[in-house]
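Enquirer: Provided herewith: run-v3.cif, mmCIF, C-alpha atoms.
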```cif
data_protein
loop_
_atom_site.label_atom_id
_atom_site.label_comp_id
_atom_site.auth_asym_id
_atom_site.auth_seq_id
_atom_site.Cartn_x
_atom_site.Cartn_y
_atom_site.Cartn_z
CA MET A 1 24.48 -7.14 -2.03
CA LYS A 2 24.13 -5.36 1.32
CA HIS A 3 20.42 -6.07 1.78
CA THR A 4 18.82 -9.48 2.21
CA LEU A 5 15.37 -8.45 3.46
CA PHE A 6 13.21 -6.39 1.11
CA LEU A 7 10.04 -4.98 2.65
CA PHE A 8 7.69 -3.71 -0.05
CA ASP A 9 4.65 -1.56 0.32
CA LEU A 10 1.92 -3.04 -1.89
CA ASP A 11 -0.42 -0.36 -3.20
CA ASP A 12 1.09 2.04 -5.74
CA THR A 13 4.48 0.36 -5.30
CA LEU A 14 3.95 -3.15 -6.68
CA LEU A 15 0.27 -2.89 -7.59
CA ASP A 16 -1.33 0.09 -9.32
CA PHE A 17 -3.95 0.80 -6.69
CA LYS A 18 -5.16 3.99 -8.37
CA ALA A 19 -6.19 1.98 -11.45
CA SER A 20 -7.80 -0.79 -9.35
CA GLU A 21 -9.57 1.74 -7.14
CA ASN A 22 -11.13 3.51 -10.09
CA LEU A 23 -12.29 0.29 -11.77
CA SER A 24 -13.72 -1.07 -8.51
CA PHE A 25 -15.52 2.17 -7.69
CA VAL A 26 -17.18 2.29 -11.12
CA ARG A 27 -18.23 -1.37 -10.78
CA THR A 28 -19.68 -0.64 -7.35
CA MET A 29 -21.70 2.33 -8.54
CA HIS A 30 -23.06 0.38 -11.50
CA ALA A 31 -24.05 -2.47 -9.14
CA LEU A 32 -25.94 0.08 -7.02
CA GLY A 33 -27.75 1.43 -10.07
CA VAL A 34 -25.71 4.63 -10.54
CA ALA A 35 -25.12 4.63 -14.28
CA GLY A 36 -23.86 8.14 -14.94
CA ALA A 37 -21.59 10.75 -13.35
CA THR A 38 -19.35 8.10 -11.75
CA GLU A 39 -16.26 10.19 -12.50
CA THR A 40 -17.66 13.17 -10.57
CA LEU A 41 -18.67 10.89 -7.71
CA PHE A 42 -15.21 9.29 -7.68
CA ASN A 43 -13.66 12.76 -7.44
CA HIS A 44 -15.76 13.31 -4.29
CA TYR A 45 -14.79 9.91 -2.91
CA GLN A 46 -11.01 10.16 -3.30
CA PRO A 47 -10.23 13.00 -0.84
CA ILE A 48 -12.72 11.56 1.66
CA ASN A 49 -11.03 8.16 1.42
CA VAL A 50 -7.52 9.63 1.76
CA ALA A 51 -8.51 11.68 4.82
CA LEU A 52 -10.00 8.62 6.51
CA TRP A 53 -6.88 6.52 5.80
CA ARG A 54 -4.72 9.27 7.33
CA ALA A 55 -6.99 9.25 10.39
CA PHE A 56 -6.60 5.47 10.59
CA GLU A 57 -2.81 5.77 10.42
CA HIS A 58 -2.95 8.25 13.29
CA GLY A 59 -5.11 5.84 15.29
CA THR A 60 -8.22 8.05 15.44
CA VAL A 61 -10.59 5.78 13.48
CA SER A 62 -10.85 2.02 13.01
CA LYS A 63 -10.52 0.24 9.69
CA ASP A 64 -14.06 -1.15 9.94
CA PHE A 65 -15.38 2.39 10.42
CA LEU A 66 -13.28 3.68 7.49
CA LYS A 67 -14.52 1.03 5.06
CA VAL A 68 -18.14 2.18 5.39
CA GLU A 69 -17.74 5.85 6.36
CA ARG A 70 -15.97 6.78 3.10
CA PHE A 71 -19.06 5.72 1.15
CA ARG A 72 -21.52 7.26 3.62
CA LYS A 73 -19.74 10.63 3.33
CA THR A 74 -19.50 10.38 -0.46
CA PHE A 75 -23.19 9.61 -0.87
CA ALA A 76 -24.17 12.36 1.58
CA ALA A 77 -22.04 14.92 -0.28
CA ALA A 78 -23.66 13.94 -3.58
CA GLY A 79 -27.19 13.78 -2.16
CA LEU A 80 -27.54 10.08 -2.97
CA VAL A 81 -29.69 7.72 -0.91
CA LEU A 82 -27.62 4.52 -1.15
CA ASP A 83 -26.52 1.87 1.33
CA PRO A 84 -22.87 2.58 2.32
CA GLU A 85 -22.44 -0.87 3.91
CA LEU A 86 -23.52 -2.61 0.72
CA ALA A 87 -21.26 -0.30 -1.31
CA SER A 88 -18.34 -1.20 0.91
CA ARG A 89 -18.92 -4.94 0.48
CA ILE A 90 -19.22 -4.73 -3.31
CA TYR A 91 -16.18 -2.47 -3.60
CA LEU A 92 -13.91 -4.69 -1.47
CA GLU A 93 -14.98 -7.79 -3.40
CA SER A 94 -14.24 -6.03 -6.67
CA LEU A 95 -10.72 -5.00 -5.63
CA SER A 96 -9.56 -8.61 -5.84
CA ASP A 97 -10.68 -8.81 -9.47
CA THR A 98 -9.19 -5.53 -10.68
CA VAL A 99 -5.50 -6.11 -9.96
CA VAL A 100 -3.11 -4.03 -12.10
CA LEU A 101 0.64 -4.56 -11.74
CA ILE A 102 3.19 -1.75 -11.74
CA ASP A 103 5.62 -2.29 -14.62
CA GLY A 104 8.53 -4.48 -13.53
CA ALA A 105 6.95 -5.68 -10.26
CA ILE A 106 7.11 -9.43 -10.89
CA GLU A 107 10.62 -9.33 -12.35
CA LEU A 108 11.93 -7.27 -9.43
CA CYS A 109 10.39 -9.48 -6.76
CA ALA A 110 11.65 -12.61 -8.49
CA SER A 111 15.21 -11.30 -8.68
CA LEU A 112 15.25 -10.12 -5.05
CA ALA A 113 13.67 -13.36 -3.79
CA ALA A 114 16.66 -15.18 -5.30
CA ILE A 115 18.95 -13.04 -3.11
CA GLY A 116 17.00 -12.95 0.17
CA GLU A 117 13.44 -12.55 1.44
CA VAL A 118 10.70 -10.36 0.01
CA GLY A 119 7.98 -9.31 2.43
CA ILE A 120 4.89 -7.17 1.95
CA ILE A 121 4.07 -4.44 4.49
CA THR A 122 0.58 -2.98 4.12
CA ASN A 123 -2.05 -1.00 5.98
CA GLY A 124 -4.71 -2.40 3.65
CA VAL A 125 -7.50 -4.82 4.52
CA GLU A 126 -5.82 -8.18 5.19
CA THR A 127 -8.18 -10.57 3.40
CA ILE A 128 -8.40 -8.32 0.36
CA GLN A 129 -4.64 -7.75 0.17
CA ASN A 130 -3.95 -11.49 0.34
CA ARG A 131 -6.42 -12.13 -2.47
CA ARG A 132 -4.95 -9.34 -4.59
CA ILE A 133 -1.44 -10.72 -4.12
CA ALA A 134 -2.67 -14.18 -5.14
CA SER A 135 -4.34 -12.71 -8.25
CA SER A 136 -1.30 -10.67 -9.22
CA GLY A 137 1.23 -13.45 -9.83
CA LEU A 138 3.50 -12.08 -7.09
CA GLN A 139 2.69 -14.68 -4.45
CA GLN A 140 5.37 -17.22 -5.38
CA HIS A 141 8.06 -14.60 -4.72
CA ILE A 142 6.63 -13.33 -1.40
CA ALA A 143 7.85 -14.90 1.86
CA PHE A 144 5.30 -13.21 4.12
CA VAL A 145 2.67 -10.47 4.30
CA ALA A 146 2.61 -8.15 7.32
CA THR A 147 -0.64 -6.24 7.73
CA SER A 148 -1.54 -3.52 10.20
CA GLU A 149 -4.78 -5.42 10.80
CA ALA A 150 -2.92 -8.46 12.19
CA CYS A 151 -0.31 -6.35 13.96
CA GLY A 152 -2.67 -3.91 15.66
CA HIS A 153 -0.50 -0.95 14.66
CA ALA A 154 -0.24 0.83 11.30
CA LYS A 155 2.64 2.32 9.34
CA PRO A 156 4.52 4.52 10.27
CA ASP A 157 4.35 3.17 13.85
CA VAL A 158 7.67 1.49 14.68
CA ARG A 159 5.76 -1.36 16.31
CA PHE A 160 4.45 -2.32 12.87
CA PHE A 161 7.99 -2.57 11.49
CA GLU A 162 9.12 -4.60 14.48
CA TYR A 163 6.22 -6.95 13.78
CA ALA A 164 7.21 -7.25 10.10
CA MET A 165 10.86 -7.91 10.95
CA ASN A 166 9.81 -10.68 13.34
CA MET A 167 7.99 -12.42 10.49
CA ALA A 168 11.22 -12.66 8.49
CA ARG A 169 14.21 -14.89 8.96
CA PRO A 170 16.66 -13.45 11.52
CA VAL A 171 18.42 -10.45 9.97
CA ARG A 172 20.24 -7.35 11.15
CA LYS A 173 18.58 -3.98 10.62
CA GLU A 174 21.34 -2.87 8.25
CA GLN A 175 20.43 -5.79 5.97
CA ALA A 176 16.79 -4.69 5.64
CA ILE A 177 15.27 -2.06 3.38
CA ILE A 178 11.77 -0.67 2.92
CA ILE A 179 10.57 0.18 -0.59
CA GLY A 180 7.44 2.28 -0.87
CA ASP A 181 5.72 5.25 -2.49
CA ARG A 182 4.53 6.98 0.69
CA LEU A 183 6.94 9.38 2.39
CA ASP A 184 4.66 9.76 5.41
CA ALA A 185 4.12 6.04 5.99
CA ASP A 186 6.87 3.97 4.37
CA ILE A 187 9.90 6.27 4.42
CA LEU A 188 9.14 8.03 7.70
CA GLY A 189 8.48 4.64 9.26
CA ALA A 190 11.85 3.39 8.03
CA ASN A 191 13.55 6.50 9.45
CA ARG A 192 11.95 6.00 12.85
CA PHE A 193 12.75 2.30 12.88
CA GLY A 194 16.34 2.89 11.81
CA ILE A 195 16.58 0.98 8.53
CA ASP A 196 17.29 1.92 4.92
CA SER A 197 14.54 3.01 2.57
CA CYS A 198 13.87 3.48 -1.13
CA TRP A 199 11.27 6.03 -2.15
CA PHE A 200 9.42 4.86 -5.26
CA ASN A 201 8.53 8.19 -6.85
CA PRO A 202 7.32 7.64 -10.44
CA GLU A 203 5.79 11.12 -10.65
CA GLN A 204 9.11 12.63 -9.49
CA LEU A 205 7.45 14.73 -6.81
CA ALA A 206 9.47 17.08 -4.62
CA ASN A 207 10.15 15.84 -1.10
CA THR A 208 8.91 18.60 1.20
CA SER A 209 8.48 16.28 4.19
CA LEU A 210 10.71 15.39 7.11
CA ALA A 211 11.17 11.85 5.76
CA VAL A 212 14.63 11.13 4.32
CA PRO A 213 14.89 8.17 1.91
CA THR A 214 18.23 6.40 1.53
CA PHE A 215 17.68 6.65 -2.21
CA GLU A 216 14.92 7.42 -4.68
CA VAL A 217 13.80 5.82 -7.96
CA ALA A 218 11.23 6.71 -10.59
CA SER A 219 10.86 3.15 -11.90
CA LEU A 220 10.93 -0.33 -10.39
CA HIS A 221 13.46 -1.22 -13.08
CA GLN A 222 15.97 1.09 -11.36
CA ILE A 223 15.86 -0.60 -7.96
CA ALA A 224 18.18 -3.57 -8.54
CA ALA A 225 20.97 -1.30 -9.78
CA ALA A 226 20.40 1.17 -6.95
CA LEU A 227 20.65 -1.62 -4.38
CA LYS A 228 23.94 -2.79 -5.90
CA ASN A 229 25.27 0.77 -5.73
CA GLN A 230 24.26 0.93 -2.06
CA ALA A 231 26.29 -2.20 -1.38
CA MET A 232 29.39 -0.47 -2.71
CA VAL A 233 28.97 2.67 -0.55
#
```
How would this structure read if it were set down as structure tokens?

Expert:
Amino acid sequence: MKHTLFLFDLDDTLLDFKASENLSFVRTMHALGVAGATETLFNHYQPINVALWRAFEHGTVSKDFLKVERFRKTFAAAGLVLDPELASRIYLESLSDTVVLIDGAIELCASLAAIGEVGIITNGVETIQNRRIASSGLQQHIAFVATSEACGHAKPDVRFFEYAMNMARPVRKEQAIIIGDRLDADILGANRFGIDSCWFNPEQLANTSLAVPTFEVASLHQIAAALKNQAMV
């Protein structure tokens, strides 16, 4: 096989973050005494959260600000008088207990770890991501976890990918590949850094961005075969 270093995004690539996010949000609202209309509130929260994460990736807000501000804005939009700092703490604690694996994640990581090194590259909160990995059953197959929090730079900044590569055993760029669901963070970052990439696209969305994946899959079960095909190109 051509590749010996496999750099995986975590959320919505190996772990179903959308499912975890929803469960954790509902738990948080119930803990704060909001019994009804959590679905409507979650629909307010999601675009606010996404916009703040994009701002973080562009370096215009800090992660600590993001963690609380998303709840402050959500509560303000819904006219709720609730403590956004408390909501943030409950939500982050809950994320560790609501881990949902993407189908095929453990099998894929196990098979690739037998060939080379599997690393996680994530912009998520470091302590929470480490706990989620430990809860998921993936940890025994993971050589290292590179977080933007520890690095000081977030995907798609090339400095983040340099940091991740330095955590791995020595390897040439052509032996490394990034696997992720985000064109604007994972695939664009790979393009800028000059290494191969696999776009995990289960919803089979059209690529209207400037990011160019080396190849694309709709299922994690397709990745091993796609990597073997790459080796023969």

Enquirer: Can you pull out every residue within 7 Å of stretch 194-203 of chain A, counting all atoms listed in the file, but drop anything in the same chain fewer than 5 positions away, and send it as a PyMOL selection string?

Expert: chain A and resi 13+173-174+176-181+187+213-219

Enquirer: List as a PyMOL selection string the protein and nucleic acid residues near stretch 33-39 of chain A, meaning an atom at most 12 Å away when all atoms listed in the file are counted, but skip any in the same chain fewer than 4 places from it.

Expert: chain A and resi 22-29+43-46+74-75+78+80-83+87

Enquirer: Excluding same-chain residues fewer than 4 positions from A:Thr208, what lies within 12 Å of it counting all atoms listed in the file, as a list of chain:residue names?

Expert: A:Leu183, A:Asp184, A:Val212

Enquirer: Quick one, how far is atom CA of A:Ala168 from atom CA of A:Leu7?

Expert: 9.7 Å

Enquirer: For the provided coordinates, the residues matched by the PyMOL selection byres ((chain A and resi 67) around 12) should be stated as an mmCIF file with C-alpha atoms, in the coordinates of the input.

Expert:
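As a result, expr_27.cif now contains:
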```cif
data_model
loop_
_atom_site.group_PDB
_atom_site.id
_atom_site.type_symbol
_atom_site.label_atom_id
_atom_site.label_comp_id
_atom_site.auth_asym_id
_atom_site.auth_seq_id
_atom_site.Cartn_x
_atom_site.Cartn_y
_atom_site.Cartn_z
ATOM 1 C CA TYR A 45 -14.790 9.910 -2.910
ATOM 2 C CA ILE A 48 -12.720 11.560 1.660
ATOM 3 C CA ASN A 49 -11.030 8.160 1.420
ATOM 4 C CA VAL A 50 -7.520 9.630 1.760
ATOM 5 C CA LEU A 52 -10.000 8.620 6.510
ATOM 6 C CA TRP A 53 -6.880 6.520 5.800
ATOM 7 C CA PHE A 56 -6.600 5.470 10.590
ATOM 8 C CA VAL A 61 -10.590 5.780 13.480
ATOM 9 C CA SER A 62 -10.850 2.020 13.010
ATOM 10 C CA LYS A 63 -10.520 0.240 9.690
ATOM 11 C CA ASP A 64 -14.060 -1.150 9.940
ATOM 12 C CA PHE A 65 -15.380 2.390 10.420
ATOM 13 C CA LEU A 66 -13.280 3.680 7.490
ATOM 14 C CA VAL A 68 -18.140 2.180 5.390
ATOM 15 C CA GLU A 69 -17.740 5.850 6.360
ATOM 16 C CA ARG A 70 -15.970 6.780 3.100
ATOM 17 C CA PHE A 71 -19.060 5.720 1.150
ATOM 18 C CA ARG A 72 -21.520 7.260 3.620
ATOM 19 C CA LYS A 73 -19.740 10.630 3.330
ATOM 20 C CA THR A 74 -19.500 10.380 -0.460
ATOM 21 C CA PRO A 84 -22.870 2.580 2.320
ATOM 22 C CA GLU A 85 -22.440 -0.870 3.910
ATOM 23 C CA LEU A 86 -23.520 -2.610 0.720
ATOM 24 C CA ALA A 87 -21.260 -0.300 -1.310
ATOM 25 C CA SER A 88 -18.340 -1.200 0.910
ATOM 26 C CA ARG A 89 -18.920 -4.940 0.480
ATOM 27 C CA ILE A 90 -19.220 -4.730 -3.310
ATOM 28 C CA TYR A 91 -16.180 -2.470 -3.600
ATOM 29 C CA LEU A 92 -13.910 -4.690 -1.470
ATOM 30 C CA GLY A 124 -4.710 -2.400 3.650
ATOM 31 C CA VAL A 125 -7.500 -4.820 4.520
#
```

Enquirer: Report, in Å to a single decimal, how far apart atom CA of A:Cys109 and atom CA of A:Gln222 are.

Expert: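 Value for the atom CA of A:Gln222-atom CA of A:Cys109 distance: 12.8 Å.
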
Enquirer: Name every residue that the PyMOL selection byres ((chain A and resi 129) around 10) selects in this structure, writing the answer as a list of chain:residue names with chains first and numbers rising.

Expert: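 This file, filtered by the PyMOL selection byres ((chain A and resi 129) around 10), leaves A:Leu10, A:Asp11, A:Leu92, A:Leu95, A:Ser96, A:Ile120, A:Thr122, A:Asn123, A:Gly124, A:Val125, A:Glu126, A:Thr127, A:Ile128, A:Asn130, A:Arg131, A:Arg132, A:Ile133, A:Ala134, A:Ser135, A:Val145, A:Thr147.
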
Enquirer: In Å, how far is it from atom CA of A:Ala110 to atom CA of A:Ala143?

Expert: 11.3 Å

Enquirer: Could you complete stretch 54-72 of chain A so that it carries N, CA, C and O atoms, and give it back as a short mmCIF file (atom, residue, chain, number, x, y, z; two decimals), in the coordinates of the input?

Expert:
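part-v7.cif, freshly written:
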```cif
data_model
loop_
_atom_site.label_atom_id
_atom_site.label_comp_id
_atom_site.auth_asym_id
_atom_site.auth_seq_id
_atom_site.Cartn_x
_atom_site.Cartn_y
_atom_site.Cartn_z
N ARG A 54 -5.68 8.53 6.50
CA ARG A 54 -4.72 9.27 7.33
C ARG A 54 -5.16 9.21 8.80
O ARG A 54 -4.33 9.05 9.69
N ALA A 55 -6.47 9.33 9.02
CA ALA A 55 -6.99 9.25 10.39
C ALA A 55 -6.73 7.86 10.97
O ALA A 55 -6.37 7.72 12.14
N PHE A 56 -6.89 6.84 10.14
CA PHE A 56 -6.60 5.47 10.59
C PHE A 56 -5.13 5.32 10.98
O PHE A 56 -4.79 4.73 12.01
N GLU A 57 -4.25 5.88 10.15
CA GLU A 57 -2.81 5.77 10.42
C GLU A 57 -2.41 6.51 11.69
O GLU A 57 -1.42 6.16 12.33
N HIS A 58 -3.20 7.53 12.05
CA HIS A 58 -2.95 8.25 13.29
C HIS A 58 -3.70 7.64 14.48
O HIS A 58 -3.63 8.15 15.60
N GLY A 59 -4.44 6.56 14.21
CA GLY A 59 -5.11 5.84 15.29
C GLY A 59 -6.40 6.47 15.78
O GLY A 59 -6.89 6.13 16.86
N THR A 60 -7.01 7.36 14.98
CA THR A 60 -8.22 8.05 15.44
C THR A 60 -9.51 7.42 14.93
O THR A 60 -10.60 7.75 15.41
N VAL A 61 -9.41 6.54 13.93
CA VAL A 61 -10.59 5.78 13.48
C VAL A 61 -10.17 4.33 13.25
O VAL A 61 -9.00 4.05 13.02
N SER A 62 -11.14 3.43 13.28
CA SER A 62 -10.85 2.02 13.01
C SER A 62 -10.99 1.73 11.52
O SER A 62 -11.65 2.48 10.78
N LYS A 63 -10.42 0.61 11.10
CA LYS A 63 -10.52 0.24 9.69
C LYS A 63 -11.95 -0.13 9.32
O LYS A 63 -12.41 0.19 8.21
N ASP A 64 -12.66 -0.80 10.22
CA ASP A 64 -14.06 -1.15 9.94
C ASP A 64 -14.91 0.10 9.74
O ASP A 64 -15.78 0.14 8.87
N PHE A 65 -14.66 1.12 10.56
CA PHE A 65 -15.38 2.39 10.42
C PHE A 65 -15.04 3.03 9.07
O PHE A 65 -15.92 3.48 8.34
N LEU A 66 -13.76 3.07 8.73
CA LEU A 66 -13.28 3.68 7.49
C LEU A 66 -13.95 3.06 6.27
O LEU A 66 -14.39 3.79 5.35
N LYS A 67 -14.04 1.74 6.24
CA LYS A 67 -14.52 1.03 5.06
C LYS A 67 -15.93 1.45 4.67
O LYS A 67 -16.27 1.48 3.48
N VAL A 68 -16.76 1.78 5.66
CA VAL A 68 -18.14 2.18 5.39
C VAL A 68 -18.28 3.70 5.34
O VAL A 68 -19.00 4.25 4.49
N GLU A 69 -17.58 4.40 6.23
CA GLU A 69 -17.74 5.85 6.36
C GLU A 69 -17.37 6.58 5.08
O GLU A 69 -17.99 7.60 4.74
N ARG A 70 -16.36 6.09 4.35
CA ARG A 70 -15.97 6.78 3.10
C ARG A 70 -17.11 6.80 2.10
O ARG A 70 -17.28 7.78 1.36
N PHE A 71 -17.92 5.74 2.06
CA PHE A 71 -19.06 5.72 1.15
C PHE A 71 -20.23 6.53 1.72
O PHE A 71 -20.92 7.23 0.96
N ARG A 72 -20.45 6.47 3.02
CA ARG A 72 -21.52 7.26 3.62
C ARG A 72 -21.30 8.75 3.35
O ARG A 72 -22.23 9.46 2.94
#
```
